[in-house]
file final22.json (JSON, C-alpha atoms)
[["chain", "number", "residue", "atom", "x", "y", "z"],
["B", 5, "MET", "CA", 14.53, 96.40, 147.50],
["B", 6, "LEU", "CA", 11.81, 94.13, 146.12],
["B", 7, "GLU", "CA", 8.33, 94.65, 147.49],
["B", 8, "ALA", "CA", 5.23, 92.56, 147.00],
["B", 9, "ASP", "CA", 2.29, 94.57, 148.18],
["B", 10, "GLY", "CA", -1.47, 94.19, 148.48],
["B", 11, "ILE", "CA", -1.62, 90.89, 146.62],
["B", 12, "GLN", "CA", -5.10, 89.48, 146.24],
["B", 13, "TYR", "CA", -5.54, 86.03, 144.79],
["B", 14, "THR", "CA", -8.71, 83.94, 144.90],
["B", 15, "ARG", "CA", -9.10, 80.35, 143.78],
["B", 16, "LYS", "CA", -12.56, 78.77, 143.47],
["B", 17, "GLY", "CA", -14.06, 81.50, 145.62],
["B", 18, "ARG", "CA", -11.50, 81.05, 148.42],
["B", 19, "ALA", "CA", -9.07, 83.83, 149.20],
["B", 20, "ILE", "CA", -5.60, 82.25, 149.01],
["B", 21, "LEU", "CA", -3.74, 85.53, 149.44],
["B", 22, "ASN", "CA", -5.28, 88.69, 150.71],
["B", 23, "ARG", "CA", -3.30, 91.03, 152.94],
["B", 24, "ILE", "CA", 0.24, 90.49, 151.69],
["B", 25, "TYR", "CA", 3.26, 92.67, 152.18],
["B", 26, "ILE", "CA", 6.80, 91.45, 151.69],
["B", 27, "ALA", "CA", 9.92, 93.58, 151.50],
["B", 28, "ALA", "CA", 13.17, 91.85, 150.56],
["B", 29, "LYS", "CA", 16.47, 93.70, 150.51],
["B", 30, "GLU", "CA", 19.87, 93.10, 148.99],
["B", 31, "ASN", "CA", 22.47, 91.64, 151.33],
["B", 32, "GLU", "CA", 19.86, 89.69, 153.25],
["B", 33, "VAL", "CA", 17.93, 86.49, 152.68],
["B", 34, "THR", "CA", 14.17, 86.63, 153.15],
["B", 35, "GLY", "CA", 12.23, 83.54, 154.13],
["B", 36, "ILE", "CA", 8.56, 82.71, 153.72],
["B", 37, "VAL", "CA", 7.04, 79.98, 155.86],
["B", 38, "GLY", "CA", 3.54, 78.66, 156.29],
["B", 39, "SER", "CA", 1.48, 75.50, 156.45],
["B", 40, "ASN", "CA", 0.87, 73.32, 153.38],
["B", 41, "GLY", "CA", -1.47, 74.98, 150.89],
["B", 42, "CYS", "CA", -1.24, 78.41, 152.55],
["B", 43, "GLY", "CA", -0.12, 80.03, 149.29],
["B", 44, "LYS", "CA", 3.69, 80.22, 149.51],
["B", 45, "SER", "CA", 4.29, 78.91, 145.98],
["B", 46, "THR", "CA", 1.35, 80.93, 144.67],
["B", 47, "LEU", "CA", 2.90, 84.08, 146.14],
["B", 48, "MET", "CA", 6.27, 83.26, 144.58],
["B", 49, "GLN", "CA", 4.69, 82.69, 141.17],
["B", 50, "ILE", "CA", 2.83, 86.00, 141.44],
["B", 51, "MET", "CA", 6.09, 87.74, 142.34],
["B", 52, "PHE", "CA", 7.77, 86.02, 139.40],
["B", 53, "GLY", "CA", 4.95, 87.16, 137.11],
["B", 54, "SER", "CA", 3.92, 83.74, 135.81],
["B", 55, "LEU", "CA", 0.63, 83.80, 137.74],
["B", 56, "LYS", "CA", -1.81, 86.65, 137.46],
["B", 57, "ALA", "CA", -3.43, 87.84, 140.66],
["B", 58, "GLU", "CA", -6.59, 89.93, 140.95],
["B", 59, "TYR", "CA", -4.37, 92.63, 142.34],
["B", 60, "ALA", "CA", -0.61, 92.70, 142.78],
["B", 61, "SER", "CA", 1.95, 95.42, 143.12],
["B", 62, "ILE", "CA", 5.47, 94.10, 142.65],
["B", 63, "ARG", "CA", 8.02, 96.87, 142.95],
["B", 64, "LEU", "CA", 11.78, 96.92, 142.55],
["B", 65, "ASN", "CA", 13.32, 99.97, 144.19],
["B", 66, "GLY", "CA", 9.92, 101.65, 144.02],
["B", 67, "VAL", "CA", 9.35, 100.93, 140.32],
["B", 68, "LYS", "CA", 6.29, 98.78, 139.60],
["B", 69, "LEU", "CA", 7.01, 95.69, 137.51],
["B", 70, "LYS", "CA", 4.34, 94.49, 135.10],
["B", 71, "SER", "CA", 5.81, 91.15, 134.14],
["B", 72, "PRO", "CA", 8.98, 90.55, 136.20],
["B", 73, "TYR", "CA", 10.17, 87.38, 134.45],
["B", 74, "SER", "CA", 10.27, 89.06, 131.04],
["B", 75, "GLU", "CA", 12.55, 91.87, 132.29],
["B", 76, "LYS", "CA", 16.16, 91.44, 131.18],
["B", 77, "ASN", "CA", 18.56, 90.08, 133.84],
["B", 78, "LEU", "CA", 16.05, 90.55, 136.62],
["B", 79, "ILE", "CA", 14.58, 87.42, 138.12],
["B", 80, "ASN", "CA", 14.85, 83.64, 138.29],
["B", 81, "TYR", "CA", 12.42, 81.28, 139.95],
["B", 82, "LEU", "CA", 13.27, 77.78, 141.11],
["B", 83, "PRO", "CA", 9.98, 75.87, 141.24],
["B", 84, "GLN", "CA", 9.26, 73.04, 143.68],
["B", 85, "PHE", "CA", 9.91, 70.49, 140.94],
["B", 86, "THR", "CA", 12.68, 70.34, 138.34],
["B", 87, "GLY", "CA", 11.81, 72.87, 135.69],
["B", 88, "LEU", "CA", 14.59, 71.96, 133.26],
["B", 89, "PRO", "CA", 13.52, 69.81, 130.29],
["B", 90, "LYS", "CA", 14.61, 66.17, 130.54],
["B", 91, "GLY", "CA", 16.15, 66.11, 127.06],
["B", 92, "ILE", "CA", 18.44, 69.12, 127.44],
["B", 93, "LYS", "CA", 22.18, 68.55, 128.03],
["B", 94, "VAL", "CA", 24.05, 69.76, 131.10],
["B", 95, "THR", "CA", 26.53, 71.65, 128.92],
["B", 96, "THR", "CA", 23.67, 73.45, 127.13],
["B", 97, "VAL", "CA", 22.17, 74.54, 130.47],
["B", 98, "CYS", "CA", 25.57, 75.86, 131.58],
["B", 99, "LYS", "CA", 26.06, 77.76, 128.30],
["B", 100, "LEU", "CA", 22.53, 79.12, 128.42],
["B", 101, "TYR", "CA", 23.03, 80.66, 131.84],
["B", 102, "ASN", "CA", 26.71, 81.49, 131.29],
["B", 103, "VAL", "CA", 27.88, 79.22, 134.09],
["B", 104, "SER", "CA", 31.15, 77.29, 134.09],
["B", 105, "PHE", "CA", 30.72, 73.52, 134.31],
["B", 106, "THR", "CA", 34.21, 73.20, 135.82],
["B", 107, "ASP", "CA", 33.27, 75.63, 138.61],
["B", 108, "LEU", "CA", 30.14, 73.59, 139.30],
["B", 109, "LYS", "CA", 32.15, 70.35, 139.55],
["B", 110, "GLN", "CA", 34.73, 72.00, 141.77],
["B", 111, "TYR", "CA", 32.12, 73.53, 144.06],
["B", 112, "PHE", "CA", 30.30, 70.24, 144.66],
["B", 113, "GLU", "CA", 33.37, 68.00, 144.87],
["B", 114, "ASN", "CA", 31.70, 64.59, 144.78],
["B", 115, "ILE", "CA", 28.83, 65.39, 142.44],
["B", 116, "LYS", "CA", 28.14, 62.68, 139.84],
["B", 117, "ILE", "CA", 27.63, 64.67, 136.69],
["B", 118, "GLN", "CA", 29.09, 64.72, 133.19],
["B", 119, "GLU", "CA", 28.98, 67.57, 130.70],
["B", 120, "ASN", "CA", 27.32, 65.57, 127.93],
["B", 121, "GLN", "CA", 24.64, 64.01, 130.16],
["B", 122, "THR", "CA", 21.00, 64.94, 129.68],
["B", 123, "ILE", "CA", 18.99, 66.33, 132.60],
["B", 124, "GLY", "CA", 16.71, 63.29, 132.53],
["B", 125, "SER", "CA", 19.65, 60.92, 133.14],
["B", 126, "LEU", "CA", 20.67, 62.72, 136.36],
["B", 127, "SER", "CA", 19.34, 61.79, 139.79],
["B", 128, "LYS", "CA", 16.65, 64.08, 141.22],
["B", 129, "GLY", "CA", 19.10, 65.47, 143.75],
["B", 130, "THR", "CA", 21.69, 66.29, 141.10],
["B", 131, "GLN", "CA", 19.03, 67.89, 138.89],
["B", 132, "ARG", "CA", 17.99, 70.05, 141.81],
["B", 133, "LEU", "CA", 21.58, 70.93, 142.65],
["B", 134, "LEU", "CA", 22.39, 71.91, 139.07],
["B", 135, "GLU", "CA", 19.26, 74.03, 138.77],
["B", 136, "LEU", "CA", 19.96, 75.77, 142.07],
["B", 137, "TYR", "CA", 23.60, 76.45, 141.24],
["B", 138, "VAL", "CA", 22.76, 77.77, 137.78],
["B", 139, "TYR", "CA", 20.01, 80.14, 138.97],
["B", 140, "LEU", "CA", 22.12, 81.40, 141.85],
["B", 141, "SER", "CA", 25.08, 82.00, 139.55],
["B", 142, "THR", "CA", 23.26, 84.12, 136.95],
["B", 143, "GLU", "CA", 23.58, 87.89, 136.78],
["B", 144, "ASN", "CA", 19.92, 88.26, 137.77],
["B", 145, "LYS", "CA", 19.21, 90.53, 140.71],
["B", 146, "VAL", "CA", 16.30, 88.59, 142.22],
["B", 147, "ILE", "CA", 16.24, 84.86, 142.93],
["B", 148, "LEU", "CA", 13.11, 83.10, 144.19],
["B", 149, "LEU", "CA", 13.70, 79.62, 145.59],
["B", 150, "ASP", "CA", 10.75, 77.35, 146.26],
["B", 151, "GLU", "CA", 11.76, 74.51, 148.59],
["B", 152, "PRO", "CA", 15.40, 74.55, 147.44],
["B", 153, "PHE", "CA", 16.59, 71.84, 149.82],
["B", 154, "SER", "CA", 14.26, 69.06, 148.66],
["B", 155, "TYR", "CA", 16.06, 65.95, 147.37],
["B", 156, "ILE", "CA", 19.49, 67.31, 148.36],
["B", 157, "MET", "CA", 21.86, 65.44, 150.68],
["B", 158, "PRO", "CA", 23.00, 67.20, 153.90],
["B", 159, "LEU", "CA", 26.59, 67.78, 152.71],
["B", 160, "HIS", "CA", 25.37, 69.62, 149.64],
["B", 161, "ILE", "CA", 22.73, 71.50, 151.64],
["B", 162, "GLU", "CA", 25.54, 73.16, 153.59],
["B", 163, "LYS", "CA", 27.31, 74.05, 150.33],
["B", 164, "ILE", "CA", 24.09, 75.51, 148.94],
["B", 165, "LYS", "CA", 23.56, 77.53, 152.11],
["B", 166, "THR", "CA", 27.08, 78.95, 151.79],
["B", 167, "LEU", "CA", 26.42, 79.79, 148.15],
["B", 168, "ILE", "CA", 23.13, 81.51, 149.02],
["B", 169, "ARG", "CA", 24.92, 83.60, 151.69],
["B", 170, "GLN", "CA", 27.64, 84.57, 149.18],
["B", 171, "LYS", "CA", 25.20, 85.47, 146.42],
["B", 172, "ALA", "CA", 22.90, 87.39, 148.76],
["B", 173, "LYS", "CA", 25.60, 90.08, 148.99],
["B", 174, "ASP", "CA", 24.52, 91.53, 145.64],
["B", 175, "LYS", "CA", 21.19, 89.81, 145.04],
["B", 176, "ILE", "CA", 17.74, 89.75, 146.56],
["B", 177, "ILE", "CA", 17.02, 86.18, 147.59],
["B", 178, "ILE", "CA", 13.63, 84.98, 148.76],
["B", 179, "LEU", "CA", 13.12, 81.38, 149.74],
["B", 180, "THR", "CA", 10.51, 79.13, 151.17],
["B", 181, "ASP", "CA", 10.96, 75.72, 152.74],
["B", 182, "HIS", "CA", 9.40, 73.48, 155.37],
["B", 183, "MET", "CA", 12.79, 72.68, 156.87],
["B", 184, "TYR", "CA", 12.64, 75.49, 159.38],
["B", 185, "GLN", "CA", 16.20, 75.01, 160.68],
["B", 186, "HIS", "CA", 17.56, 75.97, 157.25],
["B", 187, "ILE", "CA", 15.28, 79.00, 157.00],
["B", 188, "HIS", "CA", 16.30, 80.05, 160.50],
["B", 189, "SER", "CA", 20.03, 79.73, 159.82],
["B", 190, "LEU", "CA", 19.86, 81.55, 156.48],
["B", 191, "CYS", "CA", 17.23, 84.24, 156.68],
["B", 192, "GLN", "CA", 17.54, 87.64, 158.27],
["B", 193, "LYS", "CA", 13.84, 88.28, 157.81],
["B", 194, "ILE", "CA", 11.02, 85.73, 157.99],
["B", 195, "TYR", "CA", 7.38, 86.11, 156.99],
["B", 196, "LEU", "CA", 4.65, 83.68, 157.96],
["B", 197, "ILE", "CA", 1.61, 83.30, 155.74],
["B", 198, "LYS", "CA", -1.44, 82.67, 157.85],
["B", 199, "ASN", "CA", -5.10, 83.20, 156.96],
["B", 200, "ALA", "CA", -4.03, 84.53, 153.55],
["B", 201, "ALA", "CA", -1.98, 87.34, 155.13],
["B", 202, "THR", "CA", 1.71, 87.83, 155.87],
["B", 203, "ILE", "CA", 3.01, 88.34, 159.38],
["B", 204, "GLU", "CA", 6.63, 89.31, 159.96],
["B", 205, "VAL", "CA", 8.07, 87.11, 162.68],
["B", 206, "ASN", "CA", 11.04, 87.81, 164.92],
["B", 207, "ASP", "CA", 11.84, 84.45, 166.48],
["B", 208, "GLU", "CA", 10.69, 80.88, 167.09],
["B", 209, "ASP", "CA", 8.42, 82.00, 169.92],
["B", 210, "ASP", "CA", 6.35, 83.98, 167.43],
["B", 211, "LEU", "CA", 6.08, 80.93, 165.16],
["B", 212, "ILE", "CA", 5.04, 78.72, 168.09],
["B", 213, "ARG", "CA", 2.47, 81.30, 169.23],
["B", 214, "LEU", "CA", 1.11, 81.55, 165.67],
["B", 215, "GLY", "CA", 0.82, 77.76, 165.41],
["B", 216, "TYR", "CA", 3.45, 77.09, 162.76],
["B", 217, "LEU", "CA", 5.98, 75.35, 165.01],
["B", 218, "PRO", "CA", 5.03, 72.81, 167.69],
["B", 219, "ASP", "CA", 5.38, 73.67, 171.39],
["B", 220, "THR", "CA", 8.09, 71.02, 171.65],
["B", 221, "PHE", "CA", 10.33, 72.98, 169.24],
["B", 222, "ARG", "CA", 11.96, 75.06, 172.00],
["N", 7, "MET", "CA", 23.88, 82.10, 123.55],
["N", 8, "ASN", "CA", 20.70, 84.11, 123.06],
["N", 9, "LYS", "CA", 18.41, 82.73, 125.74],
["N", 10, "LYS", "CA", 15.11, 83.76, 124.19],
["N", 11, "LEU", "CA", 15.97, 82.48, 120.72],
["N", 12, "PHE", "CA", 17.17, 79.20, 122.21],
["N", 13, "GLY", "CA", 13.91, 78.86, 124.17],
["N", 14, "LEU", "CA", 11.75, 79.56, 121.12],
["N", 15, "ILE", "CA", 13.61, 77.03, 118.97],
["N", 16, "TYR", "CA", 13.67, 74.44, 121.76],
["N", 17, "PHE", "CA", 9.90, 74.77, 122.16],
["N", 18, "LEU", "CA", 9.38, 74.60, 118.40],
["N", 19, "LYS", "CA", 11.59, 71.50, 118.09],
["N", 20, "GLN", "CA", 9.02, 69.42, 119.94],
["N", 21, "PHE", "CA", 6.60, 69.80, 117.08],
["N", 22, "TRP", "CA", 8.84, 68.39, 114.31],
["N", 23, "LEU", "CA", 6.48, 65.47, 113.70],
["N", 24, "VAL", "CA", 3.48, 67.80, 113.50],
["N", 25, "PHE", "CA", 5.30, 69.91, 110.93],
["N", 26, "LEU", "CA", 6.07, 66.80, 108.86],
["N", 27, "VAL", "CA", 2.39, 65.78, 108.96],
["N", 28, "GLU", "CA", 1.42, 69.34, 108.04],
["N", 29, "ILE", "CA", 3.73, 69.39, 105.02],
["N", 30, "PHE", "CA", 2.38, 66.03, 103.90],
["N", 31, "CYS", "CA", -1.24, 67.17, 104.35],
["N", 32, "SER", "CA", -0.55, 70.50, 102.63],
["N", 33, "LYS", "CA", 0.93, 68.65, 99.67],
["N", 34, "ARG", "CA", -2.23, 66.54, 99.40],
["N", 35, "PHE", "CA", -4.57, 69.52, 99.64],
["N", 36, "TYR", "CA", -2.67, 72.06, 97.59],
["N", 37, "SER", "CA", -1.70, 69.71, 94.77],
["N", 38, "GLU", "CA", -5.18, 70.11, 93.31],
["N", 39, "ILE", "CA", -5.10, 73.93, 93.77],
["N", 40, "LYS", "CA", -8.80, 74.37, 94.19],
["N", 41, "PRO", "CA", -10.33, 77.03, 96.47],
["N", 42, "HIS", "CA", -12.22, 74.47, 98.53],
["N", 43, "ALA", "CA", -9.03, 72.43, 99.04],
["N", 44, "ILE", "CA", -7.24, 75.46, 100.47],
["N", 45, "SER", "CA", -10.09, 76.33, 102.83],
["N", 46, "SER", "CA", -10.21, 72.69, 104.00],
["N", 47, "ALA", "CA", -6.47, 72.85, 104.66],
["N", 48, "ILE", "CA", -6.96, 76.01, 106.74],
["N", 49, "TYR", "CA", -9.77, 74.39, 108.78],
["N", 50, "LEU", "CA", -7.64, 71.28, 109.31],
["N", 51, "LYS", "CA", -4.72, 73.43, 110.43],
["N", 52, "ILE", "CA", -6.84, 75.36, 112.96],
["N", 53, "LEU", "CA", -8.30, 72.11, 114.32],
["N", 54, "LEU", "CA", -4.91, 70.40, 114.58],
["N", 55, "TRP", "CA", -3.27, 73.29, 116.42],
["N", 56, "ALA", "CA", -6.28, 73.82, 118.68],
["N", 57, "ILE", "CA", -6.06, 70.15, 119.77],
["N", 58, "LEU", "CA", -2.28, 70.40, 120.22],
["N", 59, "PHE", "CA", -2.58, 73.60, 122.25],
["N", 60, "LEU", "CA", -5.20, 72.09, 124.57],
["N", 61, "LEU", "CA", -3.11, 68.92, 125.06],
["N", 62, "PHE", "CA", 0.20, 70.69, 125.58],
["N", 63, "ASN", "CA", -1.09, 73.54, 127.67],
["N", 64, "SER", "CA", -2.46, 71.31, 130.41],
["N", 65, "ASN", "CA", 0.50, 68.90, 130.37],
["N", 66, "TYR", "CA", 3.03, 71.70, 130.18],
["N", 67, "LYS", "CA", 1.91, 73.59, 133.28],
["N", 68, "ASN", "CA", 5.16, 72.86, 135.13],
["N", 69, "LYS", "CA", 7.44, 72.73, 132.10],
["N", 70, "TYR", "CA", 6.65, 76.35, 131.20],
["N", 71, "PHE", "CA", 8.87, 77.49, 134.09],
["N", 72, "PHE", "CA", 11.96, 76.67, 132.04],
["N", 73, "TYR", "CA", 10.79, 79.13, 129.38],
["N", 74, "TYR", "CA", 9.66, 81.74, 131.92],
["N", 75, "ASN", "CA", 13.18, 81.66, 133.35],
["N", 76, "LEU", "CA", 14.48, 82.43, 129.87],
["N", 77, "GLY", "CA", 12.19, 85.46, 129.81],
["N", 78, "LEU", "CA", 9.60, 83.96, 127.48],
["N", 79, "SER", "CA", 5.86, 84.08, 128.02],
["N", 80, "LYS", "CA", 3.46, 81.32, 127.08],
["N", 81, "MET", "CA", 1.93, 83.61, 124.44],
["N", 82, "GLN", "CA", 5.32, 84.30, 122.82],
["N", 83, "LEU", "CA", 6.05, 80.56, 122.58],
["N", 84, "TRP", "CA", 2.74, 79.71, 120.91],
["N", 85, "ILE", "CA", 2.68, 82.73, 118.61],
["N", 86, "PHE", "CA", 6.18, 81.81, 117.37],
["N", 87, "THR", "CA", 5.16, 78.18, 116.85],
["N", 88, "TRP", "CA", 1.94, 79.09, 115.00],
["N", 89, "THR", "CA", 3.77, 81.64, 112.86],
["N", 90, "CYS", "CA", 6.31, 78.98, 111.86],
["N", 91, "SER", "CA", 3.49, 76.59, 111.04],
["N", 92, "VAL", "CA", 1.74, 79.19, 108.85],
["N", 93, "LEU", "CA", 5.05, 80.03, 107.13],
["N", 94, "ILE", "CA", 5.72, 76.37, 106.38],
["N", 95, "SER", "CA", 2.27, 76.03, 104.84],
["N", 96, "ILE", "CA", 2.72, 79.16, 102.73],
["N", 97, "ILE", "CA", 6.16, 78.03, 101.51],
["N", 98, "THR", "CA", 4.79, 74.54, 100.72],
["N", 99, "PHE", "CA", 1.89, 76.14, 98.84],
["N", 100, "ILE", "CA", 4.20, 78.42, 96.82],
["N", 101, "ILE", "CA", 6.55, 75.55, 95.92],
["N", 102, "LEU", "CA", 3.68, 73.29, 94.87],
["N", 103, "TYR", "CA", 1.90, 76.05, 92.94],
["N", 104, "HIS", "CA", 4.96, 77.12, 91.02],
["N", 105, "TYR", "CA", 6.77, 73.88, 90.37],
["N", 106, "PHE", "CA", 4.10, 71.16, 90.17]]
call {"tool": "encode", "arguments": {"input": "final22.json", "output": "structure tokens"}}
result
Amino acid sequence: MLEADGIQYTRKGRAILNRIYIAAKENEVTGIVGSNGCGKSTLMQIMFGSLKAEYASIRLNGVKLKSPYSEKNLINYLPQFTGLPKGIKVTTVCKLYNVSFTDLKQYFENIKIQENQTIGSLSKGTQRLLELYVYLSTENKVILLDEPFSYIMPLHIEKIKTLIRQKAKDKIIILTDHMYQHIHSLCQKIYLIKNAATIEVNDEDDLIRLGYLPDTFR
Amino acid sequence: MNKKLFGLIYFLKQFWLVFLVEIFCSKRFYSEIKPHAISSAIYLKILLWAILFLLFNSNYKNKYFFYYNLGLSKMQLWIFTWTCSVLISIITFIILYHYF
């Protein structure tokens, strides 16, 4: 189980995150929702270890992690934007993360991608798809996905959702997205960030009551 | 493929032009082998890398995630790059001192 506890993060005197508690287990997908600028990406980066908070306790099975991303085979973080360098080749990315290019092509049947292409020459959607597939296919135990469905066409979104469900069997997956229907269909546990704190929500009614979803959502 | 080593070399590769300029400058400074020439070269080196760090660090905010995912911290990347730069200067100095 991965826990993010008591995170405090202030930016320009404003508390972005204050009373935070998130517990994500193996064999389930955990979702984080919240309005724009509420601190979802900030929280993910703190959990990943790339952003230092005033206080943060990130624990894996009760053991506190100092710098999660530098731990061997532990965590991957998919940022909101493509993090792969434009000049790197697809084949190099696959080798780097020990992922089979043939499996990738087979999984996304009509994906337009060649082994010797550079990341920069791919469309944004394909870049996103490749990055997602690669991070989900690594041996790492924890995968953090920040808006994974951006730029991806509906057919591939369903494939990605299936892949996330498959991989969640032996991984801890935490994701955030504004497309609530995807979060709802994938996640067994959902947290809402509101007023710098996390609130565990049970259903849409909670999210409507807390002002995240419109009344017309029902 | 060793992920960390790949990441370090990939980061370093971006500075190939800087290294060329450095070798050229070092040659100019060290060829006279005077104490003041060496100290000037050191000052120039510090200034050059300070400017590069400030430029890259702000522009690289998002690009660092690739390296973080390989398990590398920002500090590791820069320390490796600076160490390589210092080594290149030392090697250039030794070659020039001994052979020219």
call {"tool": "residues_around", "arguments": {"input": "final22.json", "residues": "B:Val138", "least_positions_apart": "2", "cutoff": "9 Å", "atoms": "all atoms listed in the file", "output": "list in words"}}
result
Val97, Cys98, Tyr101, Asn102, Val103, Leu108, Leu133, Leu134, Glu135, Leu136, Leu140, Ser141 and Thr142 of chain B
call {"tool": "closest_atom_pairs", "arguments": {"input": "final22.json", "of": "chain B", "to": "chain N", "cutoff": "6 Å", "atoms": "all atoms listed in the file", "output": "Markdown table"}}
result
| residue | atom | partner | partner_atom | distance |
| --- | --- | --- | --- | --- |
| B:Tyr73 | CA | N:Gly77 | CA | 5.4 |
| B:Ser74 | CA | N:Gly77 | CA | 4.3 |
| B:Asn80 | CA | N:Asn75 | CA | 5.6 |
| B:Gly87 | CA | N:Phe72 | CA | 5.3 |
| B:Leu88 | CA | N:Phe72 | CA | 5.5 |
| B:Leu100 | CA | N:Met7 | CA | 5.9 |
call {"tool": "atom_distance", "arguments": {"input": "final22.json", "atom1": "atom CA of N:Ile29", "atom2": "atom CA of B:Gly91"}}
result
25.5 Å
call {"tool": "atom_distance", "arguments": {"input": "final22.json", "atom1": "atom CA of B:Arg132", "atom2": "atom CA of B:Ile164"}}
result
10.9 Å
call {"tool": "closest_residue", "arguments": {"input": "final22.json", "among": "N:Ser95, N:Ile57, N:Leu14, N:Phe30", "to": "N:Met81", "atoms": "only C-alpha atoms"}}
result
N:Leu14
call {"tool": "closest_residue", "arguments": {"input": "final22.json", "among": "B:Leu190, B:Ile79, B:Leu214, B:Ile177", "to": "B:Ser54", "atoms": "only C-alpha atoms"}}
result
B:Ile79
call {"tool": "atom_distance", "arguments": {"input": "final22.json", "atom1": "atom CA of B:Cys42", "atom2": "atom CA of B:Asp209"}}
result
20.2 Å
call {"tool": "residues_near_point", "arguments": {"input": "final22.json", "point": "(-1.7, 73.4, 108.0)", "cutoff": "7 Å", "atoms": "all atoms listed in the file", "output": "PDB file with C-alpha atoms, in the coordinates of the input"}}
result
ATOM      1  CA  GLU N  28       1.420  69.340 108.040  1.00  0.00           C
ATOM      2  CA  SER N  32      -0.550  70.500 102.630  1.00  0.00           C
ATOM      3  CA  ALA N  47      -6.470  72.850 104.660  1.00  0.00           C
ATOM      4  CA  ILE N  48      -6.960  76.010 106.740  1.00  0.00           C
ATOM      5  CA  LEU N  50      -7.640  71.280 109.310  1.00  0.00           C
ATOM      6  CA  LYS N  51      -4.720  73.430 110.430  1.00  0.00           C
ATOM      7  CA  SER N  91       3.490  76.590 111.040  1.00  0.00           C
ATOM      8  CA  VAL N  92       1.740  79.190 108.850  1.00  0.00           C
ATOM      9  CA  SER N  95       2.270  76.030 104.840  1.00  0.00           C
TER      10      SER N  95
END
call {"tool": "closest_residue", "arguments": {"input": "final22.json", "among": "N:Lys33, N:Gln20, N:Ser45, N:Asn63", "to": "N:Ile97", "atoms": "all atoms listed in the file"}}
result
N:Lys33
call {"tool": "decode", "arguments": {"input": "final22.json", "residues": "stretch 46-57 of chain N", "atoms": "N, CA and C atoms", "output": "short mmCIF file (atom, residue, chain, number, x, y, z; two decimals), in the first residue's frame"}}
result
data_model
loop_
_atom_site.label_atom_id
_atom_site.label_comp_id
_atom_site.auth_asym_id
_atom_site.auth_seq_id
_atom_site.Cartn_x
_atom_site.Cartn_y
_atom_site.Cartn_z
N SER N 46 42.23 32.66 -15.31
CA SER N 46 41.21 33.25 -16.20
C SER N 46 40.33 32.16 -16.80
N ALA N 47 40.99 31.05 -17.17
CA ALA N 47 40.23 29.93 -17.76
C ALA N 47 39.24 29.36 -16.76
N ILE N 48 39.65 29.30 -15.49
CA ILE N 48 38.75 28.78 -14.45
C ILE N 48 37.55 29.73 -14.27
N TYR N 49 37.83 31.04 -14.23
CA TYR N 49 36.74 32.02 -14.08
C TYR N 49 35.76 31.92 -15.25
N LEU N 50 36.35 31.81 -16.47
CA LEU N 50 35.52 31.72 -17.67
C LEU N 50 34.63 30.48 -17.63
N LYS N 51 35.23 29.39 -17.14
CA LYS N 51 34.50 28.12 -17.05
C LYS N 51 33.31 28.25 -16.08
N ILE N 52 33.58 28.84 -14.91
CA ILE N 52 32.52 29.00 -13.91
C ILE N 52 31.39 29.86 -14.48
N LEU N 53 31.79 30.97 -15.15
CA LEU N 53 30.80 31.89 -15.72
C LEU N 53 29.95 31.19 -16.79
N LEU N 54 30.63 30.48 -17.69
CA LEU N 54 29.95 29.79 -18.79
C LEU N 54 28.93 28.78 -18.25
N TRP N 55 29.35 27.96 -17.28
CA TRP N 55 28.46 26.93 -16.77
C TRP N 55 27.34 27.50 -15.90
N ALA N 56 27.64 28.62 -15.24
CA ALA N 56 26.59 29.27 -14.44
C ALA N 56 25.49 29.78 -15.37
N ILE N 57 25.89 30.40 -16.50
CA ILE N 57 24.92 30.91 -17.48
C ILE N 57 24.11 29.73 -18.05
#
